[in-house]
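Report on the following structure.
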Amino acid sequence: MKTPYLKSNNSYQSYFNRYYLALIPLIFYGLYKNIILNYQKASFIYLLKPLLLIIIGLGIGLLVEYLYQKFYLKKPFKEYNRFIPLYSLITCMVIPIDCNYLLLTLILFVAICFCKFFKLDTKVNVISLLLLILIISLNLFNLSTYASNYETAGNLSLSYFNIFMGRSIGGTFTTSNFWCLVSFIILTTTPVYKKDIPLYIIITSLILMVIYSLISYDYNLWQLFLSGFTIFGAVFIAPQTLTSSYTKKGKIIYSVLIALLNFILIVFLHIYYGIFIAIFLVSLGNKILDRKFVS
C-alpha cells in the first residue's frame with residue numbers, strides 16, 4: 001500500500017513497528033493503573049480486563065483481516081493489511097475498563113467488517129468512526145462507565161498535575177498525557193509520521209483554552225481538556241496516514257479545524273470525546289484541502 005508518506009516496504013514496516021512501540025508506554029501505564037493500583041480492591045477477573053481489551057483489539061483486527069483474505073480475496077493469509085489490527089487495538093485502548101465486553105466484541109467485529117469490506121479506511125478516519133460507533137452503542141445501552149474501582153473508591157486527587165500524569169477518569173490506556181507525549185517523541189523518529197498535525201492540534205487547543213479561561217474565569221474545563229482524549233487523539237488518531245492532509249497548508253488547516261471543533265464540543269457541549277467527532281468530520285474533507293494546496 002503506497003501513500004504520499006509510505007513510499008516503500010521499508011517505510012511501511014517502519015511505520016507500524018514504531019506505532020506499536022509508541023503504544024507500549026501507554027499500555028504499561030494502563031496496566032499499572034488498572035491492575036497494580038486496583039489489586040486490593042478488585043477480583044482476579046476484574047484485574048484481567050485491561051489485558052482482555054488488548055486481546056480483543058488485536059484479535060478482532062487479525063480475525064477480520066483473515067476472513068477478508070480467505071473468503072473475499074480467496075488467497076492464503078500471508079501478507080495482510082497491518083492497518084486494521086492497529087486501528088482495532090487503538091480503538092480498544094480508548095474504551096473504558098468497565099463495559100460489556102461481549103457487546104464490545106460483537107459491535108467492534110461488525111464495525112470493522114463494515115469498514116474493511118467497504119474500503120472506508122481510504123475515505124474516512126476509521127479509528128474515530130469505530131470509536132464513535134462503540135461509544136454511542138455502549139452509552140445507549142448504559143453498558144459502560146469510565147471510572148474504575150480505584151477511581152470510585154475516592155483515591156484520586158484531581159490536581160492538574162495528577163490529571164496530566166494520568167491519575168484521572170478516562171479510557172483504559174489513554175489517561176496519561178505525559179506518556180502520550182513520550183509516545184509522540186517515539187513516533188517522530190520515523191519520517192512517515194506526520195508530526196506537524198499533533199503539534200498544530202495541541203498548540204491551537206492550548207491557545208483556545210487559555211483565551212477562554214482568561215475571558216470566562218472558568219478553569220474547570222481544563223480537567224476535560226487534560227482527560228487524555230484530546231492529546232491521545234492528536235498523537236495517535238488525527239495523523240492517520242490515509243485520511244489526513246499531507247500538504248503543508250492542508251495539514252495546518254486540517255489540524256486547526258480539529259482543534260477548533262474539539263474546543264467547541266468540550267466547552268459548549270461538554271462532550272469529553274469531542275476530539276473523535278472532530279477528527280471524523282474533518283477527515284471527510286482532507287482530500288479537498290490537499291487538492292486546493294498541492295503545489
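Convention: chains lettered A, B, ... in C-alpha cells order; per-chain residue numbering from 1; ligands numbered from 1 as shown.
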Legend entry - 7 Å contact set for stretch 286-289 of chain A, only C-alpha atoms, chain neighbours under 5 positions out, as a list in words: Thr243, Ser244, Ser245, Gly250 and Tyr254 of chain A
At a cut-off of 9 Å, can you tabulate as a tab-separated table every residue of stretch 43-89 of chain A near stretch 29-34 of chain A together with its closest atom pair and the distance in Å to one decimal, using only C-alpha atoms and ordering rows by chain then number?
residue	atom	partner	partner_atom	distance
A:Leu47	CA	A:Asn34	CA	7.0
A:Lys49	CA	A:Asn34	CA	8.6
A:Pro50	CA	A:Leu31	CA	6.4
A:Leu51	CA	A:Leu31	CA	7.7
Inset, instruction - Name the residues in contact with stretch 90-95 of chain A at a cut-off of 6 Å, using only C-alpha atoms, excluding same-chain residues fewer than 3 positions from it; report them as a list in words. - result: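 After dropping sequence-adjacent residues, the list is Leu53, Gly57, Tyr87, Leu131, Gly171, Thr172, Phe173 and Thr174 of chain A.
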Using C-alpha atoms, can you export the residues from the last selection as a PDB file, in the first residue's frame?
ATOM      1  CA  LEU A  53      -9.107  -5.267  25.958  1.00  0.00           C
ATOM      2  CA  GLY A  57      -8.339  -5.239  19.966  1.00  0.00           C
ATOM      3  CA  TYR A  87      -6.817   0.528  14.265  1.00  0.00           C
ATOM      4  CA  LEU A 131     -14.835   4.845  18.465  1.00  0.00           C
ATOM      5  CA  GLY A 171     -10.088   5.411  28.622  1.00  0.00           C
ATOM      6  CA  THR A 172      -8.292   2.350  29.988  1.00  0.00           C
ATOM      7  CA  PHE A 173      -4.958   3.211  28.335  1.00  0.00           C
ATOM      8  CA  THR A 174      -5.366   6.873  27.385  1.00  0.00           C
TER       9      THR A 174
END
Inset, instruction - Can you check which residues of stretch 31-271 of chain A DSSP gives as alpha helix (DSSP H) on the backbone and send them as a PyMOL selection string? - result: chain A and resi 31+44-47+49-67+83-94+101-117+126-140+149-152+160-165+177-187+196-216+221-225+229-232+248-269
Would you put the residues from that selection into a file with C-alpha atoms, as a compact mmCIF listing (two decimals), in the first residue's frame?
# COMPACT_ATOMS: atom_id res chain seq x y z
CA LEU A 31 -1.86 -1.95 33.28
CA PHE A 44 -8.95 -11.52 39.88
CA ILE A 45 -11.37 -11.49 36.92
CA TYR A 46 -11.62 -7.70 37.12
CA LEU A 47 -7.84 -7.37 37.03
CA LYS A 49 -9.98 -6.74 31.98
CA PRO A 50 -7.16 -4.47 30.72
CA LEU A 51 -5.37 -7.45 29.18
CA LEU A 52 -8.67 -8.62 27.69
CA LEU A 53 -9.11 -5.27 25.96
CA ILE A 54 -5.69 -5.64 24.31
CA ILE A 55 -6.51 -9.22 23.24
CA ILE A 56 -9.90 -8.16 21.83
CA GLY A 57 -8.34 -5.24 19.97
CA LEU A 58 -5.61 -7.22 18.25
CA GLY A 59 -7.70 -10.40 17.91
CA ILE A 60 -10.68 -8.81 16.17
CA GLY A 61 -8.42 -6.89 13.79
CA LEU A 62 -6.49 -10.02 12.79
CA LEU A 63 -9.68 -12.10 12.52
CA VAL A 64 -11.36 -9.62 10.16
CA GLU A 65 -8.22 -9.41 8.04
CA TYR A 66 -8.01 -13.23 7.91
CA LEU A 67 -11.66 -13.56 6.84
CA PHE A 83 -3.69 -1.03 9.38
CA ILE A 84 -6.78 -2.95 10.54
CA PRO A 85 -5.25 -4.70 13.63
CA LEU A 86 -3.56 -1.42 14.60
CA TYR A 87 -6.82 0.53 14.27
CA SER A 88 -8.68 -2.10 16.28
CA LEU A 89 -6.06 -2.06 19.06
CA ILE A 90 -6.04 1.74 19.34
CA THR A 91 -9.84 1.73 19.45
CA CYS A 92 -9.93 -0.70 22.37
CA MET A 93 -7.34 1.32 24.29
CA VAL A 94 -9.81 4.22 24.45
CA TYR A 101 -17.11 -6.99 26.78
CA LEU A 102 -19.41 -9.30 24.82
CA LEU A 103 -21.25 -6.36 23.28
CA LEU A 104 -17.94 -4.59 22.69
CA THR A 105 -16.57 -7.61 20.81
CA LEU A 106 -19.68 -8.03 18.65
CA ILE A 107 -20.01 -4.35 17.76
CA LEU A 108 -16.29 -3.99 17.04
CA PHE A 109 -16.30 -7.07 14.80
CA VAL A 110 -19.31 -5.87 12.80
CA ALA A 111 -17.99 -2.29 12.57
CA ILE A 112 -14.53 -3.36 11.38
CA CYS A 113 -16.04 -5.76 8.83
CA PHE A 114 -18.16 -2.89 7.52
CA CYS A 115 -15.15 -0.56 7.29
CA LYS A 116 -12.98 -3.24 5.70
CA PHE A 117 -15.36 -4.58 3.07
CA VAL A 126 -11.58 4.68 10.59
CA ILE A 127 -10.40 4.81 14.23
CA SER A 128 -12.59 7.82 15.01
CA LEU A 129 -15.53 6.15 13.24
CA LEU A 130 -15.07 2.92 15.20
CA LEU A 131 -14.84 4.85 18.46
CA LEU A 132 -17.98 6.82 17.78
CA ILE A 133 -19.89 3.63 16.95
CA LEU A 134 -18.67 1.90 20.12
CA ILE A 135 -19.09 4.86 22.48
CA ILE A 136 -22.59 5.65 21.24
CA SER A 137 -23.63 1.97 21.35
CA LEU A 138 -22.28 1.33 24.85
CA ASN A 139 -23.75 4.58 26.20
CA LEU A 140 -27.08 3.88 24.52
CA ASN A 149 -12.65 0.58 41.20
CA TYR A 150 -9.61 2.67 42.12
CA GLU A 151 -11.32 5.85 40.96
CA THR A 152 -14.74 5.19 42.50
CA TYR A 160 -3.83 19.35 37.27
CA PHE A 161 -0.50 17.58 37.74
CA ASN A 162 -2.17 14.25 38.60
CA ILE A 163 -4.55 14.60 35.67
CA PHE A 164 -1.61 15.31 33.36
CA MET A 165 0.24 12.23 34.65
CA ASN A 177 -0.86 12.95 28.81
CA PHE A 178 2.75 12.54 29.98
CA TRP A 179 3.11 9.11 28.38
CA CYS A 180 1.22 10.30 25.30
CA LEU A 181 3.90 12.92 24.80
CA VAL A 182 6.62 10.29 25.30
CA SER A 183 4.86 8.22 22.64
CA PHE A 184 4.78 11.26 20.38
CA ILE A 185 8.56 11.61 20.68
CA ILE A 186 8.95 7.94 19.71
CA LEU A 187 6.73 8.40 16.65
CA ASP A 196 3.12 18.55 12.34
CA ILE A 197 -0.51 17.56 12.87
CA PRO A 198 -0.33 16.68 16.61
CA LEU A 199 1.75 19.81 17.26
CA TYR A 200 -0.72 22.09 15.49
CA ILE A 201 -3.69 20.49 17.27
CA ILE A 202 -2.14 20.67 20.75
CA ILE A 203 -0.81 24.22 20.33
CA THR A 204 -4.10 25.51 18.87
CA SER A 205 -6.09 23.76 21.62
CA LEU A 206 -3.90 25.28 24.34
CA ILE A 207 -4.26 28.77 22.86
CA LEU A 208 -8.06 28.42 22.68
CA MET A 209 -8.29 27.09 26.25
CA VAL A 210 -6.07 29.88 27.65
CA ILE A 211 -8.09 32.59 25.87
CA TYR A 212 -11.37 31.08 27.06
CA SER A 213 -10.13 30.77 30.65
CA LEU A 214 -8.93 34.37 30.74
CA ILE A 215 -12.23 35.67 29.37
CA SER A 216 -14.62 33.46 31.34
CA LEU A 221 -12.89 22.74 31.77
CA TRP A 222 -9.14 22.15 31.86
CA GLN A 223 -9.93 18.84 33.56
CA LEU A 224 -11.93 17.77 30.50
CA PHE A 225 -9.22 19.00 28.16
CA PHE A 229 -8.61 12.00 24.96
CA THR A 230 -7.50 15.21 23.24
CA ILE A 231 -3.76 14.56 23.28
CA PHE A 232 -4.16 10.82 22.60
CA LYS A 248 1.89 21.85 4.30
CA LYS A 249 -1.04 24.28 4.29
CA GLY A 250 -3.52 21.40 4.23
CA LYS A 251 -2.07 19.98 7.45
CA ILE A 252 -2.30 23.36 9.17
CA ILE A 253 -5.96 23.88 8.27
CA TYR A 254 -6.79 20.22 8.97
CA SER A 255 -5.25 20.48 12.46
CA VAL A 256 -6.73 23.89 13.33
CA LEU A 257 -10.22 22.74 12.30
CA ILE A 258 -9.91 19.64 14.53
CA ALA A 259 -8.72 21.72 17.50
CA LEU A 260 -11.45 24.34 16.99
CA LEU A 261 -14.26 21.81 16.66
CA ASN A 262 -12.98 19.83 19.64
CA PHE A 263 -12.83 23.05 21.69
CA ILE A 264 -16.45 23.88 20.81
CA LEU A 265 -17.64 20.37 21.68
CA ILE A 266 -15.79 20.35 25.03
CA VAL A 267 -16.55 23.89 26.16
CA PHE A 268 -20.12 24.37 24.98
CA LEU A 269 -21.49 20.82 24.82
Inset, instruction - Counting only C-alpha atoms, figure out which residue out of A:Leu242, A:Ala234, A:Ile35, A:Ile279 gets nearest to A:Asp121. - result: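 Nearest to A:Asp121: A:Leu242.
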Legend entry - All strand (DSSP E) positions in stretch 76-248 of chain A, as a ChimeraX atom specification: /A:98-99,144-145
